[in-house]
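Okay, run-v4.cif is below, mmCIF, C-alpha atoms:
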```cif
data_work
#
loop_
_atom_site.label_atom_id
_atom_site.label_comp_id
_atom_site.auth_asym_id
_atom_site.auth_seq_id
_atom_site.Cartn_x
_atom_site.Cartn_y
_atom_site.Cartn_z
CA MET A 1 -0.61 24.40 -4.91
CA LYS A 2 0.15 20.82 -5.88
CA LYS A 3 1.93 21.88 -9.06
CA VAL A 4 3.95 24.46 -7.15
CA HIS A 5 5.24 21.69 -4.86
CA LYS A 6 6.21 19.49 -7.79
CA ASN A 7 8.03 22.31 -9.61
CA ALA A 8 9.71 23.35 -6.38
CA ALA A 9 11.01 19.82 -5.92
CA GLY A 10 12.37 19.77 -9.50
CA LYS A 11 14.16 23.13 -9.50
CA GLY A 12 14.91 23.21 -5.79
CA GLY A 13 16.38 19.71 -6.00
CA TRP A 14 19.04 20.73 -8.53
CA LEU A 15 19.74 23.91 -6.58
CA PHE A 16 20.18 21.87 -3.40
CA PHE A 17 22.51 19.47 -5.25
CA ALA A 18 24.53 22.41 -6.60
CA VAL A 19 24.87 23.91 -3.10
CA VAL A 20 26.14 20.58 -1.70
CA VAL A 21 28.64 20.22 -4.59
CA LEU A 22 29.81 23.79 -3.91
CA MET A 23 30.20 22.87 -0.21
CA TYR A 24 32.38 19.93 -1.25
CA GLY A 25 34.47 22.30 -3.39
CA ILE A 26 35.03 24.60 -0.41
CA SER A 27 35.71 21.59 1.83
CA ALA A 28 38.32 20.28 -0.67
CA VAL A 29 40.14 23.62 -0.61
CA ILE A 30 40.22 23.56 3.22
CA ASP A 31 40.96 19.84 3.74
CA LEU A 32 41.43 17.64 0.66
CA ASP A 33 41.93 14.37 2.61
CA LEU A 34 38.75 14.83 4.64
CA THR A 35 36.78 15.57 1.47
CA ARG A 36 38.20 12.44 -0.18
CA GLN A 37 37.08 10.40 2.85
CA ALA A 38 33.61 11.93 2.57
CA LEU A 39 33.50 11.04 -1.15
CA ASP A 40 34.56 7.45 -0.39
CA SER A 41 31.76 7.28 2.19
CA PHE A 42 29.35 8.69 -0.44
CA ILE A 43 30.28 5.94 -2.93
CA GLN A 44 29.77 3.24 -0.29
CA MET A 45 26.40 4.70 0.74
CA ALA A 46 25.22 5.10 -2.86
CA ASP A 47 26.12 1.47 -3.47
CA LYS A 48 24.12 0.40 -0.40
CA ILE A 49 20.97 2.39 -1.13
CA ALA A 50 20.83 1.63 -4.87
CA PRO A 51 18.59 -1.45 -4.34
CA ALA A 52 16.25 0.60 -2.12
CA LEU A 53 16.02 3.27 -4.82
CA VAL A 54 15.15 0.65 -7.41
CA LEU A 55 12.42 -0.57 -5.04
CA VAL A 56 11.13 2.99 -4.63
CA PHE A 57 11.03 3.42 -8.44
CA VAL A 58 9.11 0.15 -8.83
CA LEU A 59 6.67 1.17 -6.07
CA ILE A 60 6.07 4.59 -7.65
CA PHE A 61 5.33 2.82 -10.94
CA ILE A 62 3.06 0.19 -9.35
CA THR A 63 1.13 2.67 -7.20
CA ASP A 64 0.50 4.88 -10.22
CA LEU A 65 -0.56 1.89 -12.28
CA PHE A 66 -2.94 0.34 -9.78
CA LEU A 67 -3.96 3.17 -7.51
CA ASN A 68 -5.99 6.13 -8.53
CA PRO A 69 -7.11 9.11 -6.43
CA LYS A 70 -10.39 7.35 -5.62
CA ARG A 71 -8.63 4.29 -4.19
CA ILE A 72 -6.10 6.40 -2.30
CA GLU A 73 -8.95 8.42 -0.87
CA LYS A 74 -10.62 5.15 0.18
CA TYR A 75 -7.56 3.48 1.82
CA LEU A 76 -5.45 6.43 2.97
CA GLY A 77 -7.76 9.43 2.66
CA LYS A 78 -9.99 11.25 5.17
CA GLN A 79 -12.52 8.40 5.40
CA SER A 80 -9.90 5.62 5.53
CA GLY A 81 -10.42 4.94 9.24
CA LEU A 82 -8.64 2.14 11.10
CA LYS A 83 -7.60 0.37 7.89
CA GLY A 84 -5.71 3.47 6.77
CA TRP A 85 -3.75 3.60 10.02
CA LEU A 86 -2.92 -0.11 9.83
CA ILE A 87 -1.76 0.18 6.20
CA ALA A 88 0.39 3.28 6.91
CA ILE A 89 2.02 1.82 10.04
CA GLY A 90 2.52 -1.64 8.49
CA ALA A 91 4.07 -0.11 5.36
CA GLY A 92 6.30 2.12 7.51
CA ILE A 93 7.60 -0.85 9.50
CA LEU A 94 8.24 -2.89 6.35
CA SER A 95 9.80 -0.06 4.32
CA THR A 96 13.56 -0.14 3.90
CA GLY A 97 16.28 2.28 2.80
CA PRO A 98 16.87 5.91 3.80
CA ILE A 99 13.89 8.03 4.77
CA TYR A 100 14.39 10.61 1.99
CA ALA A 101 14.06 7.89 -0.65
CA TRP A 102 10.39 7.60 0.41
CA TYR A 103 9.55 11.31 0.31
CA ALA A 104 8.86 11.17 -3.44
CA LEU A 105 6.38 8.31 -3.05
CA LEU A 106 4.64 10.09 -0.16
CA ALA A 107 4.53 13.35 -2.15
CA ASP A 108 2.91 11.43 -4.99
CA LEU A 109 0.36 9.75 -2.65
CA LYS A 110 -0.33 13.10 -0.97
CA GLN A 111 -1.26 14.60 -4.33
CA GLN A 112 -3.70 11.71 -4.77
CA GLY A 113 -5.36 12.36 -1.41
CA MET A 114 -3.29 10.66 1.32
CA ARG A 115 -3.87 12.19 4.76
CA SER A 116 -0.99 14.02 6.46
CA ALA A 117 -1.74 12.01 9.61
CA LEU A 118 -1.00 8.78 7.77
CA MET A 119 2.14 10.23 6.18
CA VAL A 120 3.40 11.05 9.68
CA ALA A 121 2.39 7.58 10.95
CA PHE A 122 4.27 5.98 8.04
CA LEU A 123 7.43 8.04 8.61
CA TYR A 124 7.39 7.53 12.41
CA SER A 125 6.74 3.79 12.32
CA ARG A 126 9.86 3.43 10.16
CA ALA A 127 11.67 3.63 13.51
CA VAL A 128 10.68 -0.01 14.07
CA LYS A 129 13.40 -1.79 12.10
CA LEU A 130 12.51 -5.47 11.89
CA PRO A 131 15.84 -6.66 10.42
CA LEU A 132 17.76 -4.83 13.17
CA LEU A 133 15.74 -6.15 16.11
CA PRO A 134 18.23 -8.95 16.92
CA LEU A 135 20.97 -6.36 17.36
CA MET A 136 18.75 -4.19 19.55
CA ILE A 137 17.85 -7.23 21.68
CA HIS A 138 21.56 -8.02 21.97
CA TYR A 139 22.35 -4.55 23.33
CA PHE A 140 19.22 -3.67 25.28
CA GLY A 141 17.38 -6.92 26.00
CA MET A 142 14.10 -8.42 24.81
CA GLY A 143 11.89 -6.47 27.26
CA TYR A 144 13.36 -3.10 26.29
CA THR A 145 13.10 -3.88 22.57
CA LEU A 146 9.48 -5.03 22.66
CA LEU A 147 8.43 -2.11 24.86
CA LEU A 148 10.19 0.39 22.61
CA CYS A 149 8.48 -1.07 19.52
CA LEU A 150 5.09 -0.73 21.21
CA TYR A 151 5.77 2.88 22.21
CA LEU A 152 7.01 3.71 18.70
CA ILE A 153 3.83 2.33 17.14
CA GLY A 154 1.73 4.17 19.74
CA PHE A 155 3.54 7.44 19.10
CA ALA A 156 3.19 6.97 15.33
CA ILE A 157 -0.57 7.22 15.93
CA VAL A 158 -0.31 10.07 18.46
CA ASN A 159 1.96 12.10 16.15
CA GLY A 160 -0.34 11.44 13.21
CA ILE A 161 -3.33 12.73 15.20
CA ILE A 162 -1.39 15.85 16.25
CA MET A 163 -0.44 16.54 12.61
CA GLN A 164 -4.06 16.03 11.54
CA ARG A 165 -5.21 18.58 14.14
CA LEU A 166 -2.58 21.05 12.88
CA GLU A 167 -3.68 20.43 9.31
CA ASP A 168 -7.34 20.90 10.22
CA LYS A 169 -6.41 24.29 11.72
CA GLY A 170 -4.67 25.21 8.46
CA ALA A 171 -1.22 25.38 10.06
CA VAL A 172 0.46 22.82 7.79
CA SER A 173 -0.30 23.99 4.26
CA GLY A 174 2.58 25.75 2.51
CA MET B 1 -5.65 0.44 -23.40
CA LEU B 2 -3.62 -1.42 -20.76
CA MET B 3 -0.35 -0.73 -22.61
CA ASP B 4 -1.20 2.98 -22.71
CA ARG B 5 -1.80 2.93 -18.96
CA VAL B 6 1.52 1.10 -18.37
CA LYS B 7 3.37 3.57 -20.62
CA SER B 8 1.80 6.53 -18.85
CA SER B 9 2.66 5.15 -15.39
CA LEU B 10 6.21 4.35 -16.47
CA ASN B 11 6.69 7.86 -17.85
CA LYS B 12 5.37 9.34 -14.63
CA ALA B 13 7.65 7.15 -12.51
CA VAL B 14 10.68 8.17 -14.61
CA ARG B 15 9.78 11.88 -14.32
CA THR B 16 9.30 11.58 -10.55
CA PHE B 17 12.58 9.70 -10.24
CA ILE B 18 14.48 12.32 -12.25
CA ASN B 19 13.02 14.96 -9.92
CA ILE B 20 14.18 13.20 -6.76
CA LEU B 21 17.59 12.12 -8.11
CA PRO B 22 19.44 15.40 -7.34
CA ILE B 23 17.85 15.43 -3.88
CA VAL B 24 18.92 11.86 -3.13
CA LEU B 25 22.44 12.44 -4.48
CA GLY B 26 22.69 15.74 -2.59
CA MET B 27 21.49 14.06 0.61
CA LEU B 28 24.01 11.25 0.24
CA LEU B 29 26.85 13.72 -0.33
CA LEU B 30 25.74 15.84 2.65
CA THR B 31 25.31 12.81 4.92
CA SER B 32 28.72 11.44 3.96
CA TRP B 33 30.32 14.80 4.70
CA VAL B 34 28.58 15.15 8.11
CA ILE B 35 29.54 11.59 9.12
CA THR B 36 33.17 12.18 8.12
CA VAL B 37 33.48 15.57 9.79
CA MET B 38 31.69 14.77 13.07
CA PRO B 39 33.77 12.46 15.24
CA ASP B 40 31.99 9.71 17.20
CA GLU B 41 33.88 10.55 20.40
CA ILE B 42 32.09 13.88 20.78
CA SER B 43 29.04 12.21 22.31
CA THR B 44 30.86 10.27 25.03
CA THR B 45 32.13 13.32 26.91
CA VAL B 46 29.10 15.59 27.05
CA PHE B 47 26.41 13.73 29.04
CA SER B 48 25.88 15.08 32.58
CA GLY B 49 23.98 12.22 34.23
CA HIS B 50 20.82 14.30 34.73
CA SER B 51 17.74 12.86 33.06
CA VAL B 52 16.20 15.95 31.41
CA PRO B 53 19.36 17.52 29.92
CA ASP B 54 20.68 14.08 28.95
CA ALA B 55 17.43 13.16 27.18
CA LEU B 56 17.38 16.52 25.38
CA LEU B 57 21.03 16.14 24.42
CA GLY B 58 20.51 12.55 23.29
CA ALA B 59 17.54 13.62 21.16
CA SER B 60 19.56 16.52 19.73
CA ILE B 61 22.49 14.32 18.76
CA GLY B 62 20.13 11.76 17.24
CA SER B 63 18.34 14.53 15.33
CA ILE B 64 21.47 15.83 13.60
CA ALA B 65 23.09 12.41 13.18
CA ALA B 66 22.69 11.05 9.69
CA GLY B 67 23.74 7.46 9.51
CA HIS B 68 22.32 3.97 9.31
CA PRO B 69 20.05 3.12 12.30
CA LEU B 70 22.44 0.26 13.01
CA VAL B 71 25.03 2.87 14.03
CA SER B 72 22.59 4.33 16.59
CA TYR B 73 22.14 0.91 18.23
CA LEU B 74 25.89 0.35 18.35
CA LEU B 75 26.55 3.86 19.66
CA GLY B 76 23.63 3.64 22.12
CA GLY B 77 24.79 0.26 23.37
CA GLU B 78 28.36 1.47 23.82
CA LEU B 79 27.20 4.67 25.56
CA LEU B 80 25.04 2.62 27.93
CA ALA B 81 28.04 0.41 28.70
CA THR B 82 30.11 3.48 29.58
CA GLY B 83 27.47 4.67 32.07
CA VAL B 84 25.39 7.09 30.01
CA SER B 85 21.75 7.03 31.20
CA LEU B 86 18.95 5.12 29.46
CA PHE B 87 17.11 8.47 29.10
CA ALA B 88 19.85 9.78 26.83
CA VAL B 89 20.41 6.53 24.94
CA THR B 90 16.71 5.96 24.24
CA ALA B 91 16.17 9.57 23.12
CA LEU B 92 19.20 9.22 20.86
CA ILE B 93 18.17 5.99 19.14
CA VAL B 94 14.54 7.13 18.70
CA SER B 95 15.38 10.59 17.32
CA TRP B 96 18.09 9.06 15.10
CA VAL B 97 15.41 7.42 12.96
CA THR B 98 12.46 9.78 13.46
CA VAL B 99 14.02 13.27 13.28
CA GLY B 100 16.10 14.35 10.30
CA ILE B 101 17.67 17.77 10.48
CA VAL B 102 20.07 16.92 7.64
CA GLN B 103 17.18 15.55 5.55
CA LEU B 104 14.95 18.55 6.33
CA PRO B 105 15.66 20.40 3.03
CA ALA B 106 14.67 17.32 1.01
CA GLU B 107 11.56 16.69 3.14
CA ALA B 108 10.52 20.35 2.88
CA LEU B 109 10.95 20.36 -0.90
CA LEU B 110 8.90 17.23 -1.47
CA LEU B 111 6.31 17.26 1.34
CA GLY B 112 6.06 20.97 2.15
CA LYS B 113 8.06 23.26 4.42
CA ARG B 114 5.55 23.51 7.28
CA PHE B 115 4.79 19.79 7.21
CA ALA B 116 8.50 19.00 7.46
CA ILE B 117 9.14 21.45 10.30
CA TYR B 118 6.09 20.38 12.33
CA ARG B 119 6.78 16.68 11.78
CA ASN B 120 10.37 16.99 12.95
CA LEU B 121 9.40 19.12 15.97
CA ILE B 122 6.71 16.64 17.01
CA SER B 123 9.11 13.74 16.52
CA PHE B 124 11.79 15.47 18.62
CA VAL B 125 9.37 15.99 21.53
CA SER B 126 8.16 12.40 21.09
CA ALA B 127 11.72 11.06 21.30
CA VAL B 128 12.14 12.72 24.70
CA ALA B 129 8.68 11.53 25.82
CA VAL B 130 9.38 7.95 24.69
CA ALA B 131 12.70 8.03 26.58
CA PHE B 132 10.97 9.00 29.84
CA LEU B 133 8.08 6.57 29.35
CA MET B 134 10.50 3.75 28.58
CA VAL B 135 12.57 4.30 31.71
CA LEU B 136 9.50 4.74 33.91
CA THR B 137 7.77 1.65 32.48
CA LEU B 138 10.90 -0.47 32.85
CA ARG B 139 11.21 0.68 36.48
CA LEU B 140 7.57 -0.20 37.13
CA MET B 141 8.08 -3.60 35.53
CA GLY B 142 11.07 -4.11 37.83
#
```
Produce structure tokens that represent the structure in this file.
Amino acid sequence: MKKVHKNAAGKGGWLFFAVVVLMYGISAVIDLDLTRQALDSFIQMADKIAPALVLVFVLIFITDLFLNPKRIEKYLGKQSGLKGWLIAIGAGILSTGPIYAWYALLADLKQQGMRSALMVAFLYSRAVKLPLLPLMIHYFGMGYTLLLCLYLIGFAIVNGIIMQRLEDKGAVSG
Amino acid sequence: MLMDRVKSSLNKAVRTFINILPIVLGMLLLTSWVITVMPDEISTTVFSGHSVPDALLGASIGSIAAGHPLVSYLLGGELLATGVSLFAVTALIVSWVTVGIVQLPAEALLLGKRFAIYRNLISFVSAVAVAFLMVLTLRLMG
């Protein structure tokens, strides 16, 4: 099952890329200016996320170097307990860059035994954006911002528990 | 021994990275296209002022939006200033960063189809729940 996922990501990834390129081709035939604007936006975005991708690459390398399935099982696996939740939520809050840049790392950790609940907690707690808090406070006020952060962390746990229940029932595999 | 381990980890990281590269590039191209095609003004004319439909609509817009979270704060702040309810704005900014319809193909490929669908569904419902809890709590706090 694990190998199937990895192969699917490899082949499916290029297929997905080809479909998007084809969509751009069709878009260019319909509206060339709009497609050019989209390509300009793509270049700007690629430039912005490049450092985050480098960070993801380094983290994949470091986690593989220092973590093994036994350690993953201990810190983020079924018996990880409170420490696992704290690590997943803390890492989610501190992680930067677009969400899909982190899928590969999570897929890798999942293969080594990371719980689905903690994957969900990590992805949900990414909603707490520390560098952007000043802007949120500016628009919505300190009380709103702090309360929202607390709810987001709380729901990261709730959602993780729900996913764990679904996984325990066998509804998530596949 | 250590060098072998470093080499092996580096090879694995490169292989993983090559696997995700088309997905990341595809996602960036798709996101850029969606952002360019979907005008910002669309969201300012469709909110009704009723809490439930507004929260659902806010969560829906946030779910399909694919931009930097900064944009959601700016958009949410501007919408709030124009009179859109806090239910809608909160649902929008929460779902913006927790639900990813555009990213769903990439998430499904790497983390599994069912995991991706369930996670996004749960996050969508949570965005609406957080919106209601936020407004109710703020009212209670005065």
Could you name the residues that touch region 121-129 of chain B at 8 Å or less, counting all atoms listed in the file, but leaving out those on the same chain fewer than 2 positions away, as a ChimeraX atom specification?
/A:124,155,159 /B:55-56,59-60,63,87,90-92,94-95,98-99,117-119,131-133
Next, dump the selected residues to file, keeping only C-alpha atoms, as an mmCIF file, keeping the file's coordinate frame.
```cif
data_model
loop_
_atom_site.group_PDB
_atom_site.id
_atom_site.type_symbol
_atom_site.label_atom_id
_atom_site.label_comp_id
_atom_site.auth_asym_id
_atom_site.auth_seq_id
_atom_site.Cartn_x
_atom_site.Cartn_y
_atom_site.Cartn_z
ATOM 1 C CA TYR A 124 7.390 7.530 12.410
ATOM 2 C CA PHE A 155 3.540 7.440 19.100
ATOM 3 C CA ASN A 159 1.960 12.100 16.150
ATOM 4 C CA ALA B 55 17.430 13.160 27.180
ATOM 5 C CA LEU B 56 17.380 16.520 25.380
ATOM 6 C CA ALA B 59 17.540 13.620 21.160
ATOM 7 C CA SER B 60 19.560 16.520 19.730
ATOM 8 C CA SER B 63 18.340 14.530 15.330
ATOM 9 C CA PHE B 87 17.110 8.470 29.100
ATOM 10 C CA THR B 90 16.710 5.960 24.240
ATOM 11 C CA ALA B 91 16.170 9.570 23.120
ATOM 12 C CA LEU B 92 19.200 9.220 20.860
ATOM 13 C CA VAL B 94 14.540 7.130 18.700
ATOM 14 C CA SER B 95 15.380 10.590 17.320
ATOM 15 C CA THR B 98 12.460 9.780 13.460
ATOM 16 C CA VAL B 99 14.020 13.270 13.280
ATOM 17 C CA ILE B 117 9.140 21.450 10.300
ATOM 18 C CA TYR B 118 6.090 20.380 12.330
ATOM 19 C CA ARG B 119 6.780 16.680 11.780
ATOM 20 C CA ALA B 131 12.700 8.030 26.580
ATOM 21 C CA PHE B 132 10.970 9.000 29.840
ATOM 22 C CA LEU B 133 8.080 6.570 29.350
#
```
Distance table requested - chain B against chain A, cut-off 6 Å, all atoms listed in the file: one row per qualifying residue with the closest atom pair and its distance in Å to one decimal, ordered by chain and rising residue number, as a tab-separated table.
```
residue	atom	partner	partner_atom	distance
B:Ser9	CA	A:Leu65	CA	5.5
B:Leu10	CA	A:Phe61	CA	5.8
B:Ala13	CA	A:Phe61	CA	5.2
B:Asn19	CA	A:Gly10	CA	4.9
B:Pro22	CA	A:Gly13	CA	5.5
B:Ile23	CA	A:Gly13	CA	5.0
B:Gly26	CA	A:Phe17	CA	4.6
B:Leu28	CA	A:Phe42	CA	6.0
B:Leu29	CA	A:Phe42	CA	5.6
B:Ser32	CA	A:Ala38	CA	5.1
B:Trp33	CA	A:Ala38	CA	4.9
B:Thr36	CA	A:Ala38	CA	5.6
B:Gly77	CA	A:Tyr139	CA	5.4
B:Val97	CA	A:Ala127	CA	5.4
B:Thr98	CA	A:Tyr124	CA	5.6
B:Leu109	CA	A:Ala9	CA	5.0
B:Leu110	CA	A:Ala9	CA	5.6
B:Leu111	CA	A:Ala107	CA	5.5
B:Gly112	CA	A:Gly174	CA	5.9
B:Arg114	CA	A:Val172	CA	5.2
B:Phe115	CA	A:Val172	CA	5.3
```
Please produce a file of the residues just selected, as an mmCIF file, in the coordinates of the input, where the atoms kept are C-alpha atoms.
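Writing the result to selection-v9.cif gives the following:
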```
data_model
loop_
_atom_site.group_PDB
_atom_site.id
_atom_site.type_symbol
_atom_site.label_atom_id
_atom_site.label_comp_id
_atom_site.auth_asym_id
_atom_site.auth_seq_id
_atom_site.Cartn_x
_atom_site.Cartn_y
_atom_site.Cartn_z
ATOM 1 C CA SER B 9 2.660 5.150 -15.390
ATOM 2 C CA LEU B 10 6.210 4.350 -16.470
ATOM 3 C CA ALA B 13 7.650 7.150 -12.510
ATOM 4 C CA ASN B 19 13.020 14.960 -9.920
ATOM 5 C CA PRO B 22 19.440 15.400 -7.340
ATOM 6 C CA ILE B 23 17.850 15.430 -3.880
ATOM 7 C CA GLY B 26 22.690 15.740 -2.590
ATOM 8 C CA LEU B 28 24.010 11.250 0.240
ATOM 9 C CA LEU B 29 26.850 13.720 -0.330
ATOM 10 C CA SER B 32 28.720 11.440 3.960
ATOM 11 C CA TRP B 33 30.320 14.800 4.700
ATOM 12 C CA THR B 36 33.170 12.180 8.120
ATOM 13 C CA GLY B 77 24.790 0.260 23.370
ATOM 14 C CA VAL B 97 15.410 7.420 12.960
ATOM 15 C CA THR B 98 12.460 9.780 13.460
ATOM 16 C CA LEU B 109 10.950 20.360 -0.900
ATOM 17 C CA LEU B 110 8.900 17.230 -1.470
ATOM 18 C CA LEU B 111 6.310 17.260 1.340
ATOM 19 C CA GLY B 112 6.060 20.970 2.150
ATOM 20 C CA ARG B 114 5.550 23.510 7.280
ATOM 21 C CA PHE B 115 4.790 19.790 7.210
#
```
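You will find CA of Gly83 (chain B) at 8.6 Å from CA of Gly49 (chain B).
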Pairwise distance, CA of Val71 (chain B) with CA of Ile93 (chain B), equals 9.1 Å
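For the residues A:Leu109, A:Cys149, A:Leu22, A:Met142, ranking by smallest atom-to-atom distance to Ile93 (chain A) using all atoms listed in the file places A:Cys149 first.
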Please list, as a PyMOL selection string, the residues that have an atom at most 12 Å away from (26.8, 11.3, 22.3) in the coordinates of this file, counting only C-alpha atoms.
chain B and resi 38-48+54-65+71-72+74-80+82-85+88-93+96
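For the atom pair formed by CA of Pro51 (chain A) and CA of Leu21 (chain B), the distance is 14.1 Å, given to one decimal.
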With the input short on atoms, add N, CA and C atoms back to region 39-55 of chain A and write it as an mmCIF file, in the frame of the given file.
```cif
data_model
loop_
_atom_site.group_PDB
_atom_site.id
_atom_site.type_symbol
_atom_site.label_atom_id
_atom_site.label_comp_id
_atom_site.auth_asym_id
_atom_site.auth_seq_id
_atom_site.Cartn_x
_atom_site.Cartn_y
_atom_site.Cartn_z
ATOM 1 N N LEU A 39 33.892 11.559 0.166
ATOM 2 C CA LEU A 39 33.500 11.040 -1.150
ATOM 3 C C LEU A 39 33.504 9.509 -1.173
ATOM 4 N N ASP A 40 34.513 8.918 -0.499
ATOM 5 C CA ASP A 40 34.560 7.450 -0.390
ATOM 6 C C ASP A 40 33.300 6.943 0.326
ATOM 7 N N SER A 41 32.956 7.644 1.420
ATOM 8 C CA SER A 41 31.760 7.280 2.190
ATOM 9 C C SER A 41 30.507 7.412 1.323
ATOM 10 N N PHE A 42 30.481 8.467 0.476
ATOM 11 C CA PHE A 42 29.350 8.690 -0.440
ATOM 12 C C PHE A 42 29.197 7.507 -1.410
ATOM 13 N N ILE A 43 30.333 7.056 -1.967
ATOM 14 C CA ILE A 43 30.280 5.940 -2.930
ATOM 15 C C ILE A 43 29.747 4.675 -2.257
ATOM 16 N N GLN A 44 30.240 4.429 -1.030
ATOM 17 C CA GLN A 44 29.770 3.240 -0.290
ATOM 18 C C GLN A 44 28.268 3.326 -0.015
ATOM 19 N N MET A 45 27.835 4.513 0.431
ATOM 20 C CA MET A 45 26.400 4.700 0.740
ATOM 21 C C MET A 45 25.546 4.552 -0.510
ATOM 22 N N ALA A 46 25.985 5.170 -1.607
ATOM 23 C CA ALA A 46 25.220 5.100 -2.860
ATOM 24 C C ALA A 46 25.059 3.655 -3.302
ATOM 25 N N ASP A 47 26.132 2.887 -3.117
ATOM 26 C CA ASP A 47 26.120 1.470 -3.470
ATOM 27 C C ASP A 47 25.076 0.716 -2.625
ATOM 28 N N LYS A 48 25.031 1.089 -1.315
ATOM 29 C CA LYS A 48 24.120 0.400 -0.400
ATOM 30 C C LYS A 48 22.660 0.739 -0.676
ATOM 31 N N ILE A 49 22.385 2.016 -0.995
ATOM 32 C CA ILE A 49 20.970 2.390 -1.130
ATOM 33 C C ILE A 49 20.419 2.175 -2.545
ATOM 34 N N ALA A 50 21.288 1.837 -3.482
ATOM 35 C CA ALA A 50 20.830 1.630 -4.870
ATOM 36 C C ALA A 50 19.655 0.634 -4.954
ATOM 37 N N PRO A 51 19.739 -0.530 -4.271
ATOM 38 C CA PRO A 51 18.590 -1.450 -4.340
ATOM 39 C C PRO A 51 17.306 -0.832 -3.784
ATOM 40 N N ALA A 52 17.435 -0.045 -2.711
ATOM 41 C CA ALA A 52 16.250 0.600 -2.120
ATOM 42 C C ALA A 52 15.651 1.598 -3.099
ATOM 43 N N LEU A 53 16.514 2.301 -3.840
ATOM 44 C CA LEU A 53 16.020 3.270 -4.820
ATOM 45 C C LEU A 53 15.286 2.580 -5.964
ATOM 46 N N VAL A 54 15.825 1.435 -6.358
ATOM 47 C CA VAL A 54 15.150 0.650 -7.410
ATOM 48 C C VAL A 54 13.762 0.250 -6.913
ATOM 49 N N LEU A 55 13.699 -0.173 -5.635
ATOM 50 C CA LEU A 55 12.420 -0.570 -5.040
ATOM 51 C C LEU A 55 11.442 0.614 -5.020
#
```
